[in-house]
Amino acid sequence: MKNNILLLLLLATSFFACERAILGLETENTPINNFELFWKTYDEHSSIIFPKQINWDSIYQVYRPSVSNATTEAELWTIFTEMIEVFDDEHTLLYDPIADQTYVSGSQGIDIAMQSFSKALLDEKYLAYRTIIETAPDFSYGKIKDKSIGYIYIGDSDGNHPEQTIDEILEVLGELEAIIVDVRNNGGGSASFMKPIANAFATEDRLAYTVQDRIGINHDDFSEPSAVYTNYDGINQYTKPVILLTDRFSVSAAEDFTLHMKVIEQVTHIGDTTAGAFSQTSPQQFLPNGWTYQYPVQLELTPEGVCLEGIGVIPEIAVENTPQDIENQQDKIMERAIRYLFETYGIR
Amino acid sequence: MQKLLIITTLLFGWQLAFAQSENEILFPTHELTLTIGLHQSWLKDSNFSPLHYKGKGAIYGLEYRLSDKANRGVFLAGLSFGTGTYSVDISDALDTKFILGDLSLGYLRRTSNLTMRSPNFALGGRYHFHINYLDWNEQDAFSFLGNHGFELATAVDYPLNEKHRFQAQLSLPLLSYTVRPPYNGTDAELTENNDNSPVKLLFDGYWSTFNRLLMYDLELKYNYQLSDSFSLDFIYLNRYQNVTNLHKFVQMQNQFRVGTSFQF
């Protein structure tokens with residue numbers, strides 16, 4: 001019996017010495033292994049290779065020869081960033097958590113968009129007042145100076161109690177003749193936070209967009225479409241004229257919001273085209289060298305079946321601010337919205 | 001290698017079962033055990049990362065045992081909860097938090113009345129829910145394994161004398177309902193509708209047997225009787241999990257716990 005107990009204890013302690021036997025071989029951290037895994041994961045998982053008709057195989061052919069096990073980390077970083085630039089998509093990212101550096105595909109327009117918008121200018125020149133909403137990181141409302149026009153700014157698509165918040169805002173602004181909803185410089189967040197806000201302006205249920213998840217290794221392996229509606233919720237509805245403002249830095253959930261608003265009859269979309277990054281992103285993926293990366297995982301289509309990834313939502317009235325405009329104390333997009341409300345509805 | 005370990009353990013359990021003693025002893029009807037301890041593990045979850053992770057952390061457990069009057073049947077209920085950190089060799093920046101939890105309900109039937117200085121074998125089954133959730137950098141990356149296992153359980157109870165007792169239990173799921181992340185690691189509907197997340201994490205899975213899931217729990221327990229009602233327990237648990245469906249998940253975990261049992 002003692003022998004049996006000893007055998008059992010021996011068996012138990014032997015478990016400590018067999019990591020490799022249990023887990024198998026770990027992918028070795030070499031530039032070639034990192035490259036192969038990086039390329040293959042995008043090939044098998046990114047949802048925008050198919051709609052954007054990207055020849056990802058050709059990217060392999062172009063860049064693979066330049067990678068050897070003598071390739072430095074800096075060289076590999078450059079190669080990877082060049083590879084993913086072909087996606088032109090803000091949801092395609094490369095991140096080095098060790099060196100704390102990030103590369104976002106297709107982000108060149110964002111820097112300019114950030115400089116072409118100023119909340120301070122809005123406060124000084126265009127708004128009579130601004131009230132900050134405490135339940136969300138960047139949510140406020142106010143009124144345009146000397147006009148019967150309300151103003152709602154949503155700079156972050158996250159927060160709590162969106163239904164309650166928008167109802168409370170509309171109780172204040174509901175008597176005004178029009179409202180400008182501004183999602184410029186909104187870097188995204190949760191579509192489920194934004195949808196109830198759009199619902200407050202709806203007059204009926206309407207299809208806003210469809211969503212499909214990538215579910216297989218072929219570029220066109222997608223799940224059945226799932227319909228997403230803008231819904232009439234019947235509580236404190238605002239059905240007078242509404243202007244939606246966007247810019248190049250209206251991204252992701254802000255773009256879903258734009259699609260929700262576009263199907264509402266009394267909404268007019270003014271400003272610059274949105275970023276063109278609709279899909280949800282994957283969780284961060286890891287490489288053997290510790291870098292992480294992300295990619296979009298969905299195919300999102302308008303009610304007409306058009307994929308706007310990389311294109312963005314084009315406004316009905318296209319107006320663009322430049323950094324110089326802001327420096328000159330002029331928000332052309334805001335001014336065009338105010339002028340449109342006057343010219344179209346006679347709202348002063 | 002893994003299969004060999006399981007077979008060896010099973011054979012060992014059967015060998016103990018055939019050695020019977022004649023000195024039957026009484027056994028408390030109710031036993032409540034509270035434990036605290038440490039665990040270490042090795043993990044590879046291909047949904048999460050190609051890297052191999054080493055984990056360590058703390059674990060807390062609560063177990064209740066009910067023996068029937070004839071001392072032949074034992075009902076077991078167990079609950080444990082652990083937290084910890086997985087780490088990799090290349091950088092601390094990739095440290096990943098995790099939580100694990102277990103809930104089990106089982107029944108074991110002894111082949112004979114419990115006797116002193118002799119191995120007493122029992123056979124039965126248990127329902128065992130296990131969850132392991134990994135989270136890097138506040139959900140920038142995450143993965144999980146949830147498993148509802150319907151397990152075959154074998155146990156050996158060896159009272160060495162009135163003070164010392166040794167117990168071992170091996171459990172193997174014969175049929176499981178396994179919950180793992182979908183193809184692209186994230187369920188868009190789930191992340192957009194957080195209200196449903198816990199339910200989906202628990203029940204949006206698939207049925208699996210040995211073809212897609214291999215697991216065992218081997219628990220060794222030494223029990224020192226402090227008084228008529230209290231004992232001191234030292235527990236070692238070795239757990240192996242190998243899920244080979246869409247994303248491979250392999251984990252070996254060792255738990256060391258100390259605790260006290262109240263018998264009444």
# chains A, B, ... in the order shown; residues from 1 in each chain; ligands from 1
>>> residues_around(residues="Leu105 of chain B", least_positions_apart="4", cutoff="8 Å", atoms="only C-alpha atoms", output="JSON, numbers by chain")
{"B": [75, 76, 77, 78, 126, 127, 128]}
>>> interface_residues(of="chain B", to="chain A", cutoff="8 Å", atoms="only C-alpha atoms", output="ChimeraX atom specification")
/B:1-2,12,42-44,48-52,90-91,93-94,139-142,182-186,188,192-193,238,250-252
>>> select_by_dssp(residues="segment 106-175 of chain B", states="strand (DSSP E or B)", output="short mmCIF file (atom, residue, chain, number, x, y, z; two decimals) with N, CA and C atoms, in the first residue's frame")
data_model
loop_
_atom_site.label_atom_id
_atom_site.label_comp_id
_atom_site.auth_asym_id
_atom_site.auth_seq_id
_atom_site.Cartn_x
_atom_site.Cartn_y
_atom_site.Cartn_z
N GLY B 106 -22.44 15.94 -7.01
CA GLY B 106 -22.21 14.56 -7.39
C GLY B 106 -22.70 13.58 -6.34
N TYR B 107 -22.71 12.34 -6.74
CA TYR B 107 -23.09 11.26 -5.82
C TYR B 107 -22.14 10.09 -6.05
N LEU B 108 -21.57 9.60 -4.94
CA LEU B 108 -20.67 8.46 -5.00
C LEU B 108 -21.23 7.33 -4.16
N ARG B 109 -21.11 6.12 -4.66
CA ARG B 109 -21.63 4.96 -3.94
C ARG B 109 -20.45 4.05 -3.62
N ARG B 110 -20.27 3.76 -2.32
CA ARG B 110 -19.16 2.90 -1.93
C ARG B 110 -19.48 1.44 -2.26
N THR B 115 -14.25 1.10 6.00
CA THR B 115 -13.47 0.34 6.99
C THR B 115 -12.10 0.97 7.18
N MET B 116 -11.56 0.77 8.39
CA MET B 116 -10.28 1.36 8.77
C MET B 116 -9.11 0.59 8.14
N ASN B 120 -11.11 2.17 0.53
CA ASN B 120 -12.54 2.00 0.29
C ASN B 120 -12.89 2.68 -1.01
N PHE B 121 -13.39 1.92 -1.91
CA PHE B 121 -13.62 2.42 -3.27
C PHE B 121 -15.06 2.88 -3.44
N ALA B 122 -15.22 3.92 -4.20
CA ALA B 122 -16.57 4.41 -4.51
C ALA B 122 -16.62 4.81 -5.98
N LEU B 123 -17.80 4.70 -6.53
CA LEU B 123 -18.00 5.02 -7.93
C LEU B 123 -19.28 5.84 -8.06
N GLY B 124 -19.27 6.81 -8.93
CA GLY B 124 -20.48 7.61 -9.08
C GLY B 124 -20.36 8.59 -10.22
N GLY B 125 -21.12 9.63 -10.12
CA GLY B 125 -21.08 10.63 -11.19
C GLY B 125 -21.27 12.01 -10.61
N ARG B 126 -20.94 12.99 -11.40
CA ARG B 126 -21.17 14.35 -10.93
C ARG B 126 -21.40 15.28 -12.12
N TYR B 127 -22.16 16.32 -11.83
CA TYR B 127 -22.27 17.43 -12.78
C TYR B 127 -21.24 18.45 -12.34
N HIS B 128 -20.45 18.93 -13.28
CA HIS B 128 -19.37 19.84 -12.93
C HIS B 128 -19.36 21.00 -13.93
N PHE B 129 -19.66 22.17 -13.44
CA PHE B 129 -19.54 23.36 -14.29
C PHE B 129 -18.23 24.05 -13.97
N HIS B 130 -17.49 24.34 -15.04
CA HIS B 130 -16.20 25.01 -14.87
C HIS B 130 -16.14 26.20 -15.81
N ILE B 131 -15.62 27.29 -15.33
CA ILE B 131 -15.40 28.44 -16.22
C ILE B 131 -14.02 29.02 -15.97
N ASN B 132 -13.39 29.41 -17.06
CA ASN B 132 -12.08 30.05 -17.00
C ASN B 132 -12.14 31.24 -17.95
N TYR B 133 -11.97 32.44 -17.45
CA TYR B 133 -12.09 33.65 -18.27
C TYR B 133 -10.79 34.44 -18.20
N LEU B 134 -10.23 34.75 -19.37
CA LEU B 134 -8.96 35.48 -19.46
C LEU B 134 -9.24 36.90 -19.95
N ASP B 135 -8.52 37.83 -19.41
CA ASP B 135 -8.75 39.23 -19.78
C ASP B 135 -7.42 39.98 -19.77
N TRP B 136 -7.01 40.41 -20.96
CA TRP B 136 -5.79 41.22 -21.07
C TRP B 136 -6.17 42.67 -21.29
N ALA B 141 -8.13 42.05 -25.10
CA ALA B 141 -8.11 40.67 -25.58
C ALA B 141 -8.76 39.82 -24.49
N PHE B 142 -9.52 38.84 -24.92
CA PHE B 142 -10.16 37.99 -23.92
C PHE B 142 -10.47 36.63 -24.54
N SER B 143 -10.68 35.68 -23.68
CA SER B 143 -11.09 34.36 -24.14
C SER B 143 -11.72 33.65 -22.95
N PHE B 144 -12.36 32.56 -23.22
CA PHE B 144 -12.99 31.84 -22.11
C PHE B 144 -13.24 30.39 -22.47
N LEU B 145 -13.36 29.60 -21.45
CA LEU B 145 -13.82 28.23 -21.58
C LEU B 145 -14.88 28.02 -20.51
N GLY B 146 -16.05 27.61 -20.94
CA GLY B 146 -17.08 27.21 -19.99
C GLY B 146 -17.44 25.77 -20.32
N ASN B 147 -17.58 24.97 -19.31
CA ASN B 147 -17.90 23.57 -19.60
C ASN B 147 -18.85 23.00 -18.56
N HIS B 148 -19.94 22.44 -19.07
CA HIS B 148 -20.86 21.70 -18.22
C HIS B 148 -20.54 20.22 -18.44
N GLY B 149 -19.90 19.60 -17.49
CA GLY B 149 -19.47 18.21 -17.67
C GLY B 149 -20.34 17.25 -16.88
N PHE B 150 -20.72 16.17 -17.53
CA PHE B 150 -21.41 15.08 -16.84
C PHE B 150 -20.38 13.98 -16.70
N GLU B 151 -19.89 13.84 -15.46
CA GLU B 151 -18.63 13.14 -15.26
C GLU B 151 -18.79 11.81 -14.54
N LEU B 152 -17.93 10.90 -14.92
CA LEU B 152 -17.77 9.66 -14.17
C LEU B 152 -16.76 9.97 -13.06
N ALA B 153 -17.09 9.58 -11.84
CA ALA B 153 -16.19 9.88 -10.72
C ALA B 153 -15.86 8.60 -9.97
N THR B 154 -14.60 8.43 -9.67
CA THR B 154 -14.17 7.32 -8.82
C THR B 154 -13.42 7.91 -7.63
N ALA B 155 -13.55 7.24 -6.50
CA ALA B 155 -12.88 7.77 -5.31
C ALA B 155 -12.35 6.64 -4.46
N VAL B 156 -11.31 6.95 -3.76
CA VAL B 156 -10.73 6.01 -2.79
C VAL B 156 -10.62 6.74 -1.46
N ASP B 157 -11.11 6.08 -0.42
CA ASP B 157 -11.04 6.67 0.92
C ASP B 157 -10.22 5.70 1.78
N TYR B 158 -9.12 6.18 2.32
CA TYR B 158 -8.21 5.29 3.05
C TYR B 158 -7.96 5.86 4.44
N PRO B 159 -8.75 5.46 5.45
CA PRO B 159 -8.48 5.89 6.82
C PRO B 159 -7.28 5.10 7.37
N HIS B 164 -5.61 9.99 10.97
CA HIS B 164 -5.12 10.27 9.62
C HIS B 164 -5.96 9.56 8.57
N ARG B 165 -6.21 10.29 7.54
CA ARG B 165 -7.04 9.72 6.48
C ARG B 165 -6.57 10.25 5.14
N PHE B 166 -6.60 9.41 4.16
CA PHE B 166 -6.18 9.80 2.83
C PHE B 166 -7.31 9.53 1.85
N GLN B 167 -7.59 10.48 0.99
CA GLN B 167 -8.66 10.30 0.01
C GLN B 167 -8.16 10.72 -1.37
N ALA B 168 -8.67 10.08 -2.38
CA ALA B 168 -8.35 10.46 -3.76
C ALA B 168 -9.62 10.38 -4.58
N GLN B 169 -9.75 11.27 -5.51
CA GLN B 169 -10.92 11.22 -6.38
C GLN B 169 -10.50 11.61 -7.80
N LEU B 170 -10.99 10.85 -8.75
CA LEU B 170 -10.72 11.13 -10.15
C LEU B 170 -12.05 11.30 -10.88
N SER B 171 -12.15 12.38 -11.63
CA SER B 171 -13.38 12.64 -12.38
C SER B 171 -13.07 12.88 -13.84
N LEU B 172 -13.87 12.27 -14.69
CA LEU B 172 -13.69 12.40 -16.14
C LEU B 172 -15.02 12.71 -16.78
N PRO B 173 -15.13 13.80 -17.55
CA PRO B 173 -16.40 14.05 -18.22
C PRO B 173 -16.63 13.07 -19.38
N LEU B 174 -17.79 12.44 -19.36
CA LEU B 174 -18.15 11.54 -20.46
C LEU B 174 -18.86 12.33 -21.56
N LEU B 175 -19.64 13.31 -21.13
CA LEU B 175 -20.38 14.15 -22.06
C LEU B 175 -20.32 15.57 -21.52
#
>>> atom_distance(atom1="atom CA of Leu213 of chain B", atom2="atom CA of Asn242 of chain B")
5.6 Å
>>> select_by_dssp(residues="segment 8-124 of chain A", states="alpha helix (DSSP H)", output="number ranges by chain")
A: 8-14, 19-23, 31-45, 56-63, 73-85, 108-115, 119-121
>>> residues_around(residues="segment 169-181 of chain A", least_positions_apart="2", cutoff="7 Å", atoms="only C-alpha atoms", output="PyMOL selection string")
chain A and resi 148-153+165-167+183+236+238+240-245+347
>>> write_last_selection(atoms="C-alpha atoms", output="short mmCIF file (atom, residue, chain, number, x, y, z; two decimals), in the first residue's frame")
data_model
loop_
_atom_site.label_atom_id
_atom_site.label_comp_id
_atom_site.auth_asym_id
_atom_site.auth_seq_id
_atom_site.Cartn_x
_atom_site.Cartn_y
_atom_site.Cartn_z
CA SER A 148 -34.69 78.48 -32.14
CA ILE A 149 -32.22 75.68 -32.74
CA GLY A 150 -31.05 73.14 -30.19
CA TYR A 151 -27.63 71.54 -30.20
CA ILE A 152 -26.58 68.05 -29.04
CA TYR A 153 -22.94 66.98 -29.08
CA THR A 165 -30.48 60.91 -21.25
CA ILE A 166 -31.91 61.74 -24.66
CA ASP A 167 -35.44 61.95 -23.23
CA VAL A 183 -21.02 63.53 -33.91
CA ASN A 236 -40.57 62.14 -26.21
CA TYR A 238 -38.63 64.82 -31.72
CA LYS A 240 -39.14 68.48 -36.29
CA PRO A 241 -36.15 69.14 -38.61
CA VAL A 242 -32.87 67.60 -37.46
CA ILE A 243 -29.39 68.20 -38.87
CA LEU A 244 -26.71 65.57 -38.39
CA LEU A 245 -23.10 66.78 -38.51
CA ILE A 347 -35.96 78.75 -38.97
#
>>> residues_around(residues="Asp228 of chain B", least_positions_apart="5", cutoff="10 Å", atoms="only C-alpha atoms", output="ChimeraX atom specification")
/B:28,163,262-264
>>> write_last_selection(atoms="N, CA and C atoms", output="mmCIF file, in the first residue's frame")
data_model
loop_
_atom_site.group_PDB
_atom_site.id
_atom_site.type_symbol
_atom_site.label_atom_id
_atom_site.label_comp_id
_atom_site.auth_asym_id
_atom_site.auth_seq_id
_atom_site.Cartn_x
_atom_site.Cartn_y
_atom_site.Cartn_z
ATOM 1 N N PRO B 28 -18.981 10.736 9.804
ATOM 2 C CA PRO B 28 -19.949 11.810 10.055
ATOM 3 C C PRO B 28 -20.953 11.948 8.911
ATOM 4 N N LYS B 163 -6.827 9.210 13.336
ATOM 5 C CA LYS B 163 -6.409 10.600 13.123
ATOM 6 C C LYS B 163 -6.132 10.927 11.661
ATOM 7 N N PHE B 262 -15.662 20.841 9.175
ATOM 8 C CA PHE B 262 -16.534 20.752 10.346
ATOM 9 C C PHE B 262 -17.486 19.587 10.105
ATOM 10 N N GLN B 263 -17.454 18.623 11.026
ATOM 11 C CA GLN B 263 -18.279 17.425 10.850
ATOM 12 C C GLN B 263 -19.394 17.418 11.877
ATOM 13 N N PHE B 264 -20.579 17.147 11.421
ATOM 14 C CA PHE B 264 -21.720 17.188 12.341
ATOM 15 C C PHE B 264 -22.803 16.204 11.912
#
>>> residues_around(residues="segment 206-212 of chain B", least_positions_apart="5", cutoff="7 Å", atoms="only C-alpha atoms", output="ChimeraX atom specification")
/B:174-179,243-245
>>> closest_residue(among="B:Phe203, B:Tyr216, B:Asp92, B:Tyr224", to="Asn161 of chain B", atoms="only C-alpha atoms")
B:Tyr224
>>> residues_around(residues="Phe256 of chain B", least_positions_apart="5", cutoff="9 Å", atoms="only C-alpha atoms", output="number ranges by chain")
B: 36-40, 59, 234-237
>>> residues_around(residues="segment 68-72 of chain B", least_positions_apart="5", cutoff="7 Å", atoms="only C-alpha atoms", output="PyMOL selection string")
chain B and resi 27+29+109-110+112-114
>>> decode(residues="segment 285-309 of chain A", atoms="N, CA and C atoms", output="PDB file, in the first residue's frame")
ATOM      1  N   GLN A 285      -5.050  40.452 -31.021  1.00  0.00           N
ATOM      2  CA  GLN A 285      -4.386  39.180 -31.274  1.00  0.00           C
ATOM      3  C   GLN A 285      -2.893  39.349 -30.947  1.00  0.00           C
ATOM      4  N   PHE A 286      -2.258  38.272 -30.530  1.00  0.00           N
ATOM      5  CA  PHE A 286      -0.852  38.371 -30.123  1.00  0.00           C
ATOM      6  C   PHE A 286       0.060  37.697 -31.149  1.00  0.00           C
ATOM      7  N   LEU A 287       1.254  38.245 -31.252  1.00  0.00           N
ATOM      8  CA  LEU A 287       2.306  37.610 -32.050  1.00  0.00           C
ATOM      9  C   LEU A 287       3.363  37.051 -31.094  1.00  0.00           C
ATOM     10  N   PRO A 288       4.175  36.113 -31.575  1.00  0.00           N
ATOM     11  CA  PRO A 288       5.201  35.550 -30.684  1.00  0.00           C
ATOM     12  C   PRO A 288       6.162  36.597 -30.119  1.00  0.00           C
ATOM     13  N   ASN A 289       6.348  37.719 -30.815  1.00  0.00           N
ATOM     14  CA  ASN A 289       7.249  38.748 -30.279  1.00  0.00           C
ATOM     15  C   ASN A 289       6.548  39.703 -29.308  1.00  0.00           C
ATOM     16  N   GLY A 290       5.273  39.458 -29.040  1.00  0.00           N
ATOM     17  CA  GLY A 290       4.554  40.262 -28.057  1.00  0.00           C
ATOM     18  C   GLY A 290       3.737  41.385 -28.656  1.00  0.00           C
ATOM     19  N   TRP A 291       3.869  41.656 -29.942  1.00  0.00           N
ATOM     20  CA  TRP A 291       3.025  42.675 -30.567  1.00  0.00           C
ATOM     21  C   TRP A 291       1.592  42.165 -30.634  1.00  0.00           C
ATOM     22  N   THR A 292       0.671  43.115 -30.677  1.00  0.00           N
ATOM     23  CA  THR A 292      -0.725  42.731 -30.850  1.00  0.00           C
ATOM     24  C   THR A 292      -1.303  43.452 -32.063  1.00  0.00           C
ATOM     25  N   TYR A 293      -2.415  42.958 -32.549  1.00  0.00           N
ATOM     26  CA  TYR A 293      -3.025  43.541 -33.745  1.00  0.00           C
ATOM     27  C   TYR A 293      -4.513  43.242 -33.736  1.00  0.00           C
ATOM     28  N   GLN A 294      -5.236  44.007 -34.510  1.00  0.00           N
ATOM     29  CA  GLN A 294      -6.693  43.862 -34.580  1.00  0.00           C
ATOM     30  C   GLN A 294      -7.171  44.002 -36.009  1.00  0.00           C
ATOM     31  N   TYR A 295      -8.387  43.562 -36.233  1.00  0.00           N
ATOM     32  CA  TYR A 295      -8.975  43.653 -37.566  1.00  0.00           C
ATOM     33  C   TYR A 295     -10.497  43.669 -37.410  1.00  0.00           C
ATOM     34  N   PRO A 296     -11.210  44.157 -38.443  1.00  0.00           N
ATOM     35  CA  PRO A 296     -12.674  44.111 -38.368  1.00  0.00           C
ATOM     36  C   PRO A 296     -13.172  42.689 -38.578  1.00  0.00           C
ATOM     37  N   VAL A 297     -14.317  42.393 -37.975  1.00  0.00           N
ATOM     38  CA  VAL A 297     -14.823  41.013 -38.029  1.00  0.00           C
ATOM     39  C   VAL A 297     -16.215  40.909 -38.656  1.00  0.00           C
ATOM     40  N   GLN A 298     -16.732  42.039 -39.126  1.00  0.00           N
ATOM     41  CA  GLN A 298     -18.101  42.008 -39.654  1.00  0.00           C
ATOM     42  C   GLN A 298     -18.176  42.631 -41.046  1.00  0.00           C
ATOM     43  N   LEU A 299     -19.226  42.275 -41.732  1.00  0.00           N
ATOM     44  CA  LEU A 299     -19.586  42.922 -42.997  1.00  0.00           C
ATOM     45  C   LEU A 299     -20.881  43.675 -42.726  1.00  0.00           C
ATOM     46  N   GLU A 300     -20.804  44.980 -42.875  1.00  0.00           N
ATOM     47  CA  GLU A 300     -21.978  45.809 -42.600  1.00  0.00           C
ATOM     48  C   GLU A 300     -22.443  46.421 -43.920  1.00  0.00           C
ATOM     49  N   LEU A 301     -23.723  46.277 -44.221  1.00  0.00           N
ATOM     50  CA  LEU A 301     -24.268  46.762 -45.488  1.00  0.00           C
ATOM     51  C   LEU A 301     -25.420  47.726 -45.239  1.00  0.00           C
ATOM     52  N   THR A 302     -25.530  48.717 -46.108  1.00  0.00           N
ATOM     53  CA  THR A 302     -26.662  49.650 -46.022  1.00  0.00           C
ATOM     54  C   THR A 302     -27.926  48.903 -46.449  1.00  0.00           C
ATOM     55  N   PRO A 303     -29.101  49.503 -46.238  1.00  0.00           N
ATOM     56  CA  PRO A 303     -30.342  48.837 -46.680  1.00  0.00           C
ATOM     57  C   PRO A 303     -30.342  48.539 -48.185  1.00  0.00           C
ATOM     58  N   GLU A 304     -29.533  49.272 -48.938  1.00  0.00           N
ATOM     59  CA  GLU A 304     -29.455  49.020 -50.389  1.00  0.00           C
ATOM     60  C   GLU A 304     -28.423  47.940 -50.695  1.00  0.00           C
ATOM     61  N   GLY A 305     -27.784  47.378 -49.665  1.00  0.00           N
ATOM     62  CA  GLY A 305     -26.802  46.314 -49.874  1.00  0.00           C
ATOM     63  C   GLY A 305     -25.417  46.821 -50.226  1.00  0.00           C
ATOM     64  N   VAL A 306     -25.130  48.062 -49.918  1.00  0.00           N
ATOM     65  CA  VAL A 306     -23.825  48.646 -50.243  1.00  0.00           C
ATOM     66  C   VAL A 306     -22.921  48.598 -49.011  1.00  0.00           C
ATOM     67  N   CYS A 307     -21.688  48.165 -49.225  1.00  0.00           N
ATOM     68  CA  CYS A 307     -20.707  48.166 -48.136  1.00  0.00           C
ATOM     69  C   CYS A 307     -19.918  49.475 -48.185  1.00  0.00           C
ATOM     70  N   LEU A 308     -19.918  50.190 -47.083  1.00  0.00           N
ATOM     71  CA  LEU A 308     -19.264  51.501 -47.052  1.00  0.00           C
ATOM     72  C   LEU A 308     -17.926  51.472 -46.315  1.00  0.00           C
ATOM     73  N   GLU A 309     -17.420  50.261 -46.054  1.00  0.00           N
ATOM     74  CA  GLU A 309     -16.106  50.148 -45.402  1.00  0.00           C
ATOM     75  C   GLU A 309     -15.058  50.842 -46.279  1.00  0.00           C
TER      76      GLU A 309
END
